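Chemist: Below you'll find input_1.tsv; it's TSV, C-alpha atoms.
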chain	number	residue	atom	x	y	z
C	1	MET	CA	7.11	-4.84	15.12
C	2	ALA	CA	3.34	-4.38	15.03
C	3	SER	CA	1.68	-4.26	18.41
C	4	VAL	CA	-1.18	-6.52	19.42
C	5	ALA	CA	-3.45	-3.47	19.68
C	6	TYR	CA	-2.61	-2.36	16.13
C	7	ASN	CA	-3.33	-5.82	14.76
C	8	LEU	CA	-6.65	-5.92	16.54
C	9	MET	CA	-7.68	-2.42	15.43
C	10	LYS	CA	-7.44	-3.32	11.75
C	11	PHE	CA	-10.52	-5.46	12.30
C	12	PHE	CA	-12.61	-2.51	13.36
C	13	ARG	CA	-14.07	0.48	11.61
C	14	SER	CA	-13.27	3.84	13.15
C	15	SER	CA	-16.23	5.33	14.90
C	16	SER	CA	-16.91	8.75	16.36
C	17	ASN	CA	-19.69	7.35	18.49
C	18	GLN	CA	-17.48	6.28	21.38
C	19	THR	CA	-19.47	7.91	24.13
C	20	ALA	CA	-20.31	6.10	27.32
C	21	GLU	CA	-23.50	4.12	27.69
C	22	ALA	CA	-24.78	4.51	24.12
C	23	ALA	CA	-28.33	3.31	23.52
C	24	PRO	CA	-28.72	-0.26	22.21
C	25	PRO	CA	-28.45	-0.38	18.40
C	26	GLN	CA	-31.74	0.01	16.59
C	27	LYS	CA	-33.36	-3.19	15.32
C	28	LEU	CA	-33.86	-3.46	11.58
C	29	SER	CA	-35.51	-6.24	9.59
C	30	ARG	CA	-34.74	-8.14	6.43
C	31	ARG	CA	-36.31	-11.01	4.60
C	32	SER	CA	-34.14	-14.11	4.41
C	33	SER	CA	-34.83	-17.06	2.15
C	34	GLY	CA	-32.17	-19.09	3.95
C	35	VAL	CA	-33.71	-18.44	7.36
C	36	GLY	CA	-37.12	-19.28	5.91
C	37	GLU	CA	-35.86	-22.76	5.01
C	38	ILE	CA	-34.22	-23.20	8.41
C	39	ALA	CA	-37.39	-22.00	10.16
C	40	ARG	CA	-39.46	-24.61	8.32
C	41	VAL	CA	-37.16	-27.32	9.67
C	42	LEU	CA	-37.18	-25.85	13.18
C	43	ASN	CA	-40.96	-25.56	13.23
C	44	SER	CA	-41.57	-29.07	11.92
C	45	GLN	CA	-39.20	-31.09	14.08
C	46	GLU	CA	-38.41	-31.30	17.79
C	47	GLY	CA	-35.26	-31.91	19.71
C	48	LEU	CA	-32.86	-30.56	17.11
C	49	CYS	CA	-29.38	-29.53	18.16
C	50	VAL	CA	-28.67	-25.96	17.05
C	51	LEU	CA	-25.33	-24.15	17.13
C	52	ASP	CA	-25.38	-20.37	16.82
C	53	VAL	CA	-21.90	-18.93	16.25
C	54	GLY	CA	-23.05	-15.33	15.98
C	55	ALA	CA	-23.23	-12.69	18.70
C	56	THR	CA	-25.07	-13.93	21.80
C	57	SER	CA	-28.78	-13.41	21.24
C	58	ALA	CA	-31.26	-13.90	24.05
C	59	ASN	CA	-33.95	-13.84	21.43
C	60	ASN	CA	-32.45	-16.79	19.55
C	61	ILE	CA	-31.86	-18.76	22.74
C	62	ARG	CA	-35.47	-18.28	23.80
C	63	PHE	CA	-36.76	-19.14	20.33
C	64	PHE	CA	-34.83	-22.40	20.02
C	65	THR	CA	-35.48	-23.58	23.56
C	66	ASP	CA	-39.19	-22.68	23.45
C	67	LYS	CA	-39.45	-24.93	20.38
C	68	GLY	CA	-37.87	-27.76	22.35
C	69	HIS	CA	-34.51	-27.63	20.59
C	70	LYS	CA	-31.10	-27.78	22.24
C	71	ASN	CA	-29.23	-24.53	21.85
C	72	TYR	CA	-25.49	-23.97	21.89
C	73	SER	CA	-24.09	-20.50	21.61
C	74	GLU	CA	-20.54	-19.35	20.73
C	75	ASP	CA	-19.66	-15.85	19.62
C	76	LEU	CA	-16.74	-16.92	17.44
C	77	LEU	CA	-15.97	-13.45	16.10
C	78	ARG	CA	-15.47	-12.07	19.58
C	79	SER	CA	-13.52	-15.16	20.61
C	80	SER	CA	-11.21	-14.74	17.62
C	81	LEU	CA	-10.13	-11.34	18.98
C	82	ASP	CA	-8.56	-12.80	22.11
C	83	PRO	CA	-5.03	-11.29	22.27
C	84	ALA	CA	-3.75	-14.61	23.63
C	85	LEU	CA	-4.30	-16.11	20.17
C	86	ARG	CA	-1.74	-13.84	18.59
C	87	VAL	CA	1.76	-15.29	18.22
C	88	GLN	CA	4.85	-14.27	16.33
C	89	ASP	CA	5.78	-16.15	13.20
C	90	GLY	CA	9.33	-16.72	12.00
C	91	SER	CA	9.51	-13.21	10.53
C	92	GLY	CA	8.42	-11.53	13.74
C	93	ASN	CA	4.91	-10.75	12.45
C	94	LEU	CA	1.93	-11.24	14.72
C	95	VAL	CA	-0.33	-13.95	13.36
C	96	ILE	CA	-3.29	-15.72	14.82
C	97	ASP	CA	-2.79	-19.26	16.08
C	98	SER	CA	-5.60	-21.17	14.40
C	99	LYS	CA	-4.75	-24.39	16.22
C	100	LYS	CA	-5.14	-22.69	19.60
C	101	PHE	CA	-8.34	-21.06	18.41
C	102	LEU	CA	-9.83	-24.47	17.62
C	103	ASP	CA	-8.46	-25.96	20.84
C	104	ASP	CA	-10.46	-23.34	22.75
C	105	ASN	CA	-13.56	-23.06	20.56
C	106	LEU	CA	-16.02	-25.36	18.79
C	107	VAL	CA	-15.00	-28.23	21.02
C	108	TYR	CA	-17.81	-30.71	20.45
C	109	LYS	CA	-18.13	-34.35	19.55
C	110	ASN	CA	-18.39	-35.21	15.86
C	111	GLY	CA	-21.83	-35.30	14.27
C	112	GLN	CA	-23.58	-33.38	17.02
C	113	PHE	CA	-25.45	-30.55	15.32
C	114	ASP	CA	-28.51	-30.54	13.07
C	115	ILE	CA	-28.31	-26.83	12.32
C	116	VAL	CA	-25.45	-24.33	12.38
C	117	LEU	CA	-26.10	-20.61	12.07
C	118	CYS	CA	-22.90	-19.06	10.82
C	119	TRP	CA	-24.48	-15.72	9.85
C	120	ASN	CA	-21.82	-13.31	8.48
C	121	LEU	CA	-18.88	-14.79	10.37
C	122	PRO	CA	-16.65	-15.68	7.36
C	123	ASP	CA	-16.81	-12.10	6.06
C	124	TYR	CA	-15.55	-10.56	9.33
C	125	MET	CA	-13.20	-13.22	10.65
C	126	GLU	CA	-9.43	-13.23	10.18
C	127	GLU	CA	-8.37	-14.94	6.94
C	128	ASN	CA	-6.47	-17.90	8.32
C	129	LEU	CA	-9.30	-18.84	10.69
C	130	VAL	CA	-12.08	-19.09	8.12
C	131	LYS	CA	-11.29	-22.40	6.41
C	132	PRO	CA	-10.26	-24.21	9.64
C	133	THR	CA	-13.48	-23.02	11.28
C	134	ILE	CA	-15.67	-24.22	8.40
C	135	ASP	CA	-13.81	-27.57	8.42
C	136	ARG	CA	-14.44	-27.90	12.16
C	137	LEU	CA	-18.11	-27.07	11.67
C	138	TRP	CA	-18.32	-29.80	9.03
C	139	SER	CA	-17.01	-32.36	11.48
C	140	VAL	CA	-19.38	-31.41	14.31
C	141	MET	CA	-22.47	-31.47	12.08
C	142	LYS	CA	-24.68	-34.46	11.49
C	143	PRO	CA	-24.92	-35.81	7.93
C	144	GLY	CA	-27.86	-33.98	6.38
C	145	GLY	CA	-27.45	-31.06	8.77
C	146	LEU	CA	-27.93	-27.51	7.52
C	147	LEU	CA	-25.51	-24.59	7.75
C	148	LEU	CA	-26.52	-21.05	6.88
C	149	ALA	CA	-23.98	-18.32	6.10
C	150	PHE	CA	-24.22	-14.81	4.71
C	151	PHE	CA	-21.65	-13.31	2.35
C	152	HIS	CA	-21.45	-9.72	1.16
C	153	THR	CA	-21.28	-9.06	-2.57
C	154	ARG	CA	-18.70	-6.70	-4.04
C	155	ASP	CA	-21.31	-3.94	-4.20
C	156	ALA	CA	-21.63	-3.96	-0.42
C	157	GLY	CA	-18.49	-1.86	0.10
C	158	PRO	CA	-15.76	-2.09	2.78
C	159	ASP	CA	-17.77	-0.20	5.41
C	160	SER	CA	-20.67	-2.61	5.40
C	161	THR	CA	-22.24	-2.76	8.82
C	162	CYS	CA	-21.68	-5.93	10.80
C	163	TYR	CA	-25.02	-7.13	12.13
C	164	ARG	CA	-26.14	-9.64	14.68
C	165	TYR	CA	-29.24	-11.57	13.71
C	166	HIS	CA	-32.33	-12.55	15.66
C	167	VAL	CA	-34.65	-15.23	14.33
C	168	THR	CA	-38.38	-14.69	14.41
C	169	GLY	CA	-39.64	-18.12	13.34
C	170	THR	CA	-40.51	-16.92	9.84
C	171	ASP	CA	-38.40	-15.76	6.90
C	172	MET	CA	-37.94	-12.36	8.56
C	173	LEU	CA	-34.79	-11.61	10.50
C	174	ASP	CA	-34.27	-8.83	13.00
C	175	MET	CA	-30.81	-7.30	12.87
C	176	GLN	CA	-28.78	-5.03	15.10
C	177	GLU	CA	-25.40	-3.50	14.48
C	178	VAL	CA	-22.61	-5.31	16.30
C	179	ARG	CA	-20.53	-3.05	18.50
C	180	PHE	CA	-18.24	-4.23	21.24
C	181	ALA	CA	-15.19	-3.10	23.17
C	182	LEU	CA	-11.81	-4.54	22.23
C	183	PRO	CA	-10.24	-6.81	24.86
C	184	GLY	CA	-8.55	-4.64	27.43
C	185	ARG	CA	-10.44	-1.49	26.43
C	186	PRO	CA	-13.13	0.21	28.54
C	187	ALA	CA	-16.63	-1.12	27.98
C	188	SER	CA	-17.72	2.33	26.79
C	189	GLU	CA	-15.27	2.32	23.86
C	190	LYS	CA	-17.26	0.26	21.42
C	191	THR	CA	-16.30	-0.19	17.79
C	192	SER	CA	-17.75	-2.15	14.91
C	193	PRO	CA	-16.04	-5.05	13.14
C	194	ARG	CA	-14.77	-4.29	9.66
C	195	LEU	CA	-15.54	-6.35	6.58
C	196	GLN	CA	-12.35	-8.35	5.96
C	197	ARG	CA	-12.94	-9.61	2.43
C	198	VAL	CA	-15.52	-10.27	-0.26
C	199	PHE	CA	-15.84	-13.88	-1.36
C	200	ASN	CA	-16.78	-14.64	-4.94
C	201	ASN	CA	-18.92	-17.66	-5.76
C	202	ARG	CA	-15.92	-19.83	-6.55
C	203	HIS	CA	-14.34	-19.00	-3.21
C	204	ILE	CA	-17.56	-19.88	-1.43
C	205	GLU	CA	-17.86	-23.17	-3.27
C	206	ASN	CA	-14.29	-23.97	-2.37
C	207	LEU	CA	-14.91	-23.09	1.26
C	208	PHE	CA	-17.75	-25.57	1.46
C	209	ARG	CA	-16.34	-28.19	-0.91
C	210	ASP	CA	-16.64	-30.97	1.69
C	211	PHE	CA	-20.37	-30.40	2.06
C	212	ALA	CA	-22.92	-32.45	0.10
C	213	SER	CA	-24.76	-29.58	-1.57
C	214	ILE	CA	-24.83	-25.79	-1.69
C	215	LYS	CA	-27.66	-23.41	-2.49
C	216	PHE	CA	-27.30	-19.67	-3.13
C	217	PHE	CA	-29.92	-17.00	-2.50
C	218	LEU	CA	-29.11	-13.49	-3.70
C	219	ALA	CA	-30.81	-10.72	-1.74
C	220	ARG	CA	-31.37	-7.08	-2.65
C	221	ASP	CA	-29.25	-5.78	0.21
C	222	ASN	CA	-25.98	-7.05	-1.40
C	223	ILE	CA	-25.96	-10.22	0.65
C	224	ARG	CA	-25.58	-13.71	-0.74
C	225	GLU	CA	-27.15	-16.29	1.50
C	226	VAL	CA	-25.64	-19.74	1.34
C	227	LEU	CA	-27.40	-22.82	2.65
C	228	VAL	CA	-25.25	-25.93	2.68
C	229	VAL	CA	-26.06	-29.52	3.55
C	230	ARG	CA	-23.52	-31.59	5.43
I	1	MET	CA	-35.77	-30.86	54.09
I	2	ASP	CA	-34.74	-27.43	52.69
I	3	ALA	CA	-32.38	-25.34	54.81
I	4	PRO	CA	-34.07	-22.26	56.31
I	5	GLN	CA	-33.59	-19.06	54.26
I	6	THR	CA	-32.27	-15.83	55.72
I	7	ASN	CA	-32.32	-12.28	54.35
I	8	GLU	CA	-28.67	-11.65	55.03
I	9	LEU	CA	-26.18	-11.08	52.23
I	10	ALA	CA	-22.68	-12.53	52.39
I	11	THR	CA	-20.00	-10.78	50.35
I	12	ILE	CA	-16.70	-11.82	48.83
I	13	GLY	CA	-14.96	-8.51	48.12
I	14	LYS	CA	-12.90	-7.77	45.05
I	15	THR	CA	-9.55	-8.44	46.69
I	16	VAL	CA	-10.61	-11.75	48.20
I	17	VAL	CA	-9.63	-15.06	46.61
I	18	VAL	CA	-11.39	-18.27	47.67
I	19	LYS	CA	-10.44	-21.76	46.54
I	20	GLY	CA	-12.76	-24.53	47.63
I	21	GLU	CA	-16.41	-25.36	48.16
I	22	ILE	CA	-18.82	-22.64	49.16
I	23	SER	CA	-22.28	-23.52	50.39
I	24	GLY	CA	-24.84	-21.64	52.43
I	25	SER	CA	-28.39	-20.59	53.14
I	26	GLU	CA	-28.09	-16.90	52.47
I	27	ASP	CA	-27.62	-14.75	49.38
I	28	LEU	CA	-24.05	-14.27	48.20
I	29	TYR	CA	-22.39	-11.42	46.32
I	30	VAL	CA	-19.05	-12.30	44.74
I	31	ASP	CA	-16.84	-9.53	43.50
I	32	GLY	CA	-13.55	-11.34	44.03
I	33	GLU	CA	-12.20	-14.64	42.78
I	34	VAL	CA	-13.70	-18.03	43.51
I	35	GLU	CA	-12.41	-21.37	42.31
I	36	GLY	CA	-14.20	-24.60	43.16
I	37	SER	CA	-17.96	-24.84	43.64
I	38	ILE	CA	-20.80	-22.65	44.89
I	39	ASP	CA	-23.96	-24.27	46.24
I	40	LEU	CA	-26.77	-21.91	47.31
I	41	ARG	CA	-29.72	-24.11	46.52
I	42	ASN	CA	-32.42	-21.83	47.92
I	43	ASN	CA	-30.68	-18.50	47.61
I	44	SER	CA	-29.33	-16.01	45.12
I	45	LEU	CA	-25.85	-15.56	43.77
I	46	THR	CA	-24.65	-12.33	42.23
I	47	VAL	CA	-21.29	-12.16	40.50
I	48	GLY	CA	-20.29	-8.52	40.49
I	49	PRO	CA	-18.47	-6.71	37.68
I	50	ASN	CA	-15.06	-7.56	39.18
I	51	GLY	CA	-16.00	-11.11	40.02
I	52	LYS	CA	-14.12	-14.02	38.47
I	53	VAL	CA	-15.66	-17.37	39.23
I	54	LYS	CA	-14.19	-20.62	38.02
I	55	ALA	CA	-16.61	-23.03	39.62
I	56	SER	CA	-19.71	-25.12	39.25
I	57	ILE	CA	-22.65	-23.05	40.46
I	58	ASN	CA	-25.96	-24.22	41.84
I	59	ALA	CA	-28.32	-21.52	43.12
I	60	LYS	CA	-31.95	-20.48	42.99
I	61	SER	CA	-31.34	-17.31	41.03
I	62	VAL	CA	-28.09	-16.06	39.53
I	63	VAL	CA	-27.14	-12.59	38.31
I	64	ILE	CA	-23.85	-12.25	36.47
I	65	GLN	CA	-22.01	-9.05	35.75
I	66	GLY	CA	-18.48	-10.45	35.74
I	67	LYS	CA	-16.74	-13.56	34.50
I	68	VAL	CA	-17.89	-17.13	35.11
I	69	GLU	CA	-16.34	-20.33	33.87
I	70	GLY	CA	-18.05	-23.58	34.73
I	71	SER	CA	-21.43	-25.28	34.73
I	72	LEU	CA	-24.23	-23.13	36.03
I	73	THR	CA	-27.62	-24.24	37.37
I	74	ALA	CA	-30.18	-21.64	38.40
I	75	SER	CA	-33.36	-23.38	39.49
I	76	ASP	CA	-35.45	-20.23	39.08
I	77	ARG	CA	-33.77	-17.58	36.94
I	78	LEU	CA	-30.49	-16.60	35.28
I	79	ASP	CA	-29.70	-13.00	34.45
I	80	LEU	CA	-26.69	-12.06	32.31
I	81	ARG	CA	-25.95	-8.35	32.44
I	82	LYS	CA	-24.17	-6.54	29.63
I	83	SER	CA	-20.70	-7.03	31.12
I	84	ALA	CA	-21.19	-10.76	31.74
I	85	ILE	CA	-18.77	-13.26	30.22
I	86	VAL	CA	-20.00	-16.81	30.77
I	87	THR	CA	-18.25	-19.92	29.50
I	88	GLY	CA	-19.98	-23.16	30.36
I	89	ASP	CA	-23.29	-24.97	30.12
I	90	VAL	CA	-26.25	-23.32	31.81
I	91	THR	CA	-29.48	-24.89	33.05
I	92	THR	CA	-32.35	-22.75	34.26
I	93	GLN	CA	-36.09	-22.14	34.07
I	94	ARG	CA	-35.85	-18.58	32.80
I	95	ILE	CA	-33.02	-16.64	31.24
I	96	ALA	CA	-32.51	-12.95	30.53
I	97	ILE	CA	-29.52	-11.72	28.54
I	98	GLU	CA	-28.67	-8.04	28.20
I	99	GLU	CA	-27.23	-6.67	24.98
I	100	GLY	CA	-23.45	-7.09	25.15
I	101	ALA	CA	-23.37	-10.18	27.35
I	102	PHE	CA	-21.18	-13.04	26.12
I	103	LEU	CA	-22.26	-16.65	26.54
I	104	LYS	CA	-20.40	-19.67	25.27
I	105	GLY	CA	-21.99	-23.02	25.95
I	106	LYS	CA	-25.19	-24.99	25.99
I	107	VAL	CA	-28.41	-23.42	27.25
I	108	ASP	CA	-30.90	-25.86	28.73
I	109	ILE	CA	-34.29	-24.44	29.72
I	110	GLN	CA	-36.14	-26.76	32.06
I	111	LYS	CA	-39.49	-26.14	33.70
I	112	GLU	CA	-38.54	-28.00	36.88
I	113	VAL	CA	-34.83	-27.56	37.43
I	114	GLY	CA	-33.17	-29.64	40.10
I	115	LYS	CA	-36.25	-31.64	40.99
I	116	GLY	CA	-35.26	-34.93	39.40
I	117	THR	CA	-36.53	-34.15	35.91
I	118	ALA	CA	-34.33	-35.39	33.06
I	119	SER	CA	-32.95	-32.66	30.82
I	120	SER	CA	-34.34	-32.28	27.30
For this file, produce the structure as structure tokens.

Modeler:
Amino acid sequence: MASVAYNLMKFFRSSSNQTAEAAPPQKLSRRSSGVGEIARVLNSQEGLCVLDVGATSANNIRFFTDKGHKNYSEDLLRSSLDPALRVQDGSGNLVIDSKKFLDDNLVYKNGQFDIVLCWNLPDYMEENLVKPTIDRLWSVMKPGGLLLAFFHTRDAGPDSTCYRYHVTGTDMLDMQEVRFALPGRPASEKTSPRLQRVFNNRHIENLFRDFASIKFFLARDNIREVLVVR
Amino acid sequence: MDAPQTNELATIGKTVVVKGEISGSEDLYVDGEVEGSIDLRNNSLTVGPNGKVKASINAKSVVIQGKVEGSLTASDRLDLRKSAIVTGDVTTQRIAIEEGAFLKGKVDIQKEVGKGTASS
């Protein structure tokens, strides 16, 4: 019977950099057509309701609130690693309880959000959470609301770095590698999430089939940006 | 009329568990468990790395290194250190979040917190 720790470790790349108190990851930059479109909306309207489901970013919180928008923050990838979500199925395998995950996360009233920043969540999240999470996001978004997600292409490779993203108000994004300690592990033992899958275009279209429209932007760094309208 | 401030620091140590309402006019350091509410309108609250607070919090400035679940109002400043895990809506004038901190909830930045101004 697989242990909870084993099941959690498969989500992380091995790393030799597990020394205490490592310096904060270096910030890199990339141009993002999807973020450029979102930034135009954020800069032209006030009082929008924004949901950021990436790693907690003080930068993003300050940016949205300085613009007069309401900001909600949920690090869904980290939340999905909660050992309490893992249950045994009929065959004795440990699986994640997607119902419990959605009971504990993304608990908002329907039609609340104008903008949802999904970043690279679907690529790094456990398989059976992805579709239920996207369906929940659909229900908590306002009609006409925008959702931005990033998907790796096949050329990206299985060891693609998981980044957290910081908006700048333009089409440039700052990025930092995501590293965090597994639940129950010392804070100094940080590892990086591992790319779980590569979606093809058909899979992505199927994932967002309940949305009104979908737009793809292909970037040079093996990332497909997807901007969908609720 | 505001309660007079003191420079003393009250401490709830890491083995102490408190259930109920805590209020006061001095700074408080919590490294144990608190369930209920914490009201330090003109003073500071620090939740230490071992602290587990399941309460509504109202203080002038708040520093979090441990775990907090509940609504949090810091009329002056909120500081989340890298080991902070905060679940709940926060309202403050200024916020600082260290790399590694976890926040789940709404962030409401208000220029005049707790002085009768409607939230944005």

Chemist: Taking 3 positions as the minimum chain separation for residues in the same chain, which residues sit within 6 Å of I:Gly36 when counting all atoms listed in the file? Answer as a PyMOL selection string.

Modeler: chain I and resi 19-21+55

Chemist: Tell me as a ChimeraX atom specification which residues belonging to chain I come within 6 Å of chain C, counting all atoms listed in the file.

Modeler: /I:97,102,104-107

Chemist: What is the atom CA of C:Met141 to atom CA of C:Leu129 distance in Å?

Modeler: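 Atom CA of C:Leu129 lies 18.3 Å from atom CA of C:Met141.
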
Chemist: Would you list the contacts of I:Lys111 as a list in words, taking every protein, DNA or RNA residue within 9 Å and counting all atoms listed in the file, but skipping same-chain residues closer than 4 positions in sequence?

Modeler: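 Everything that qualifies: Ser75, Asp76, Thr92, Gln93, Arg94 and Thr117 of chain I.
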
Chemist: In terms of the shortest atom-to-atom distance over only C-alpha atoms, which of I:Val34, I:Ile57, I:Ile85, I:Ala74 is closest to I:Gln110?

Modeler: I:Ala74

Chemist: How far is it from atom CA of C:Arg194 to atom CA of C:Ile223, in Å with one decimal?

Modeler: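 Computing it gives 15.5 Å between the two atoms.
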
Chemist: Any idea what the distance is between atom CA of C:Val198 and atom CA of C:His152?

Modeler: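 Atom CA of C:His152 lies 6.1 Å from atom CA of C:Val198.
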
Chemist: Using only C-alpha atoms, which of the listed residues (C:Arg31, C:Gly90, C:Glu177, C:Ala156) sits closest to C:Lys190?

Modeler: C:Glu177

Chemist: Mind checking which residues fall within 9 Å of I:Ser56, counting only C-alpha atoms, ignoring those fewer than 6 positions away in the same chain, and posting them as number ranges by chain?

Modeler: I: 35-39, 69-73

Chemist: For I:Arg41, list every protein, DNA or RNA residue within 7 Å, evaluated using all atoms listed in the file, and leave out those in the same chain fewer than 2 positions away; present the list as an mmCIF file with C-alpha atoms, in the coordinates of the input.

Modeler:
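Wrote it out as part.cif, contents follow:
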data_model
loop_
_atom_site.group_PDB
_atom_site.id
_atom_site.type_symbol
_atom_site.label_atom_id
_atom_site.label_comp_id
_atom_site.auth_asym_id
_atom_site.auth_seq_id
_atom_site.Cartn_x
_atom_site.Cartn_y
_atom_site.Cartn_z
ATOM 1 C CA ASP I 39 -23.960 -24.270 46.240
ATOM 2 C CA ASN I 43 -30.680 -18.500 47.610
ATOM 3 C CA ASN I 58 -25.960 -24.220 41.840
ATOM 4 C CA ALA I 59 -28.320 -21.520 43.120
ATOM 5 C CA LYS I 60 -31.950 -20.480 42.990
#

Chemist: Would you mind telling me which residue in I:Val17, I:Leu28, I:Glu33, I:Thr91 lies nearest to I:Val63 when using all atoms listed in the file?

Modeler: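 Checking each of I:Val17, I:Leu28, I:Glu33, I:Thr91 against I:Val63, counting all atoms listed in the file, the winner is I:Leu28.
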
Chemist: What's the 12 Å shell around I:Lys67, counting only C-alpha atoms, without same-chain residues fewer than 3 positions away, as a PyMOL selection string?

Modeler: chain I and resi 30-35+46-55+63-64+70+80-88+101-104

Chemist: Between C:Trp119, C:Gln26, C:Tyr108, C:Asp82, which residue has the minimum interatomic distance to I:Glu99, considering all atoms listed in the file?

Modeler: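 Closest candidate: C:Gln26.
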
Chemist: So, counting all atoms listed in the file, which residue among C:Leu147, C:Lys99, C:Gln196, C:Asn201 is closest to C:Ser213?

Modeler: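 Counting all atoms listed in the file, the residue closest to C:Ser213 is C:Leu147.
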
Chemist: Which one of I:Arg77, I:Ser25, I:Ala10, I:Asp89 sits closest to I:Glu112 if you count all atoms listed in the file?

Modeler: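 Of all the options, I:Arg77 lies closest to I:Glu112.
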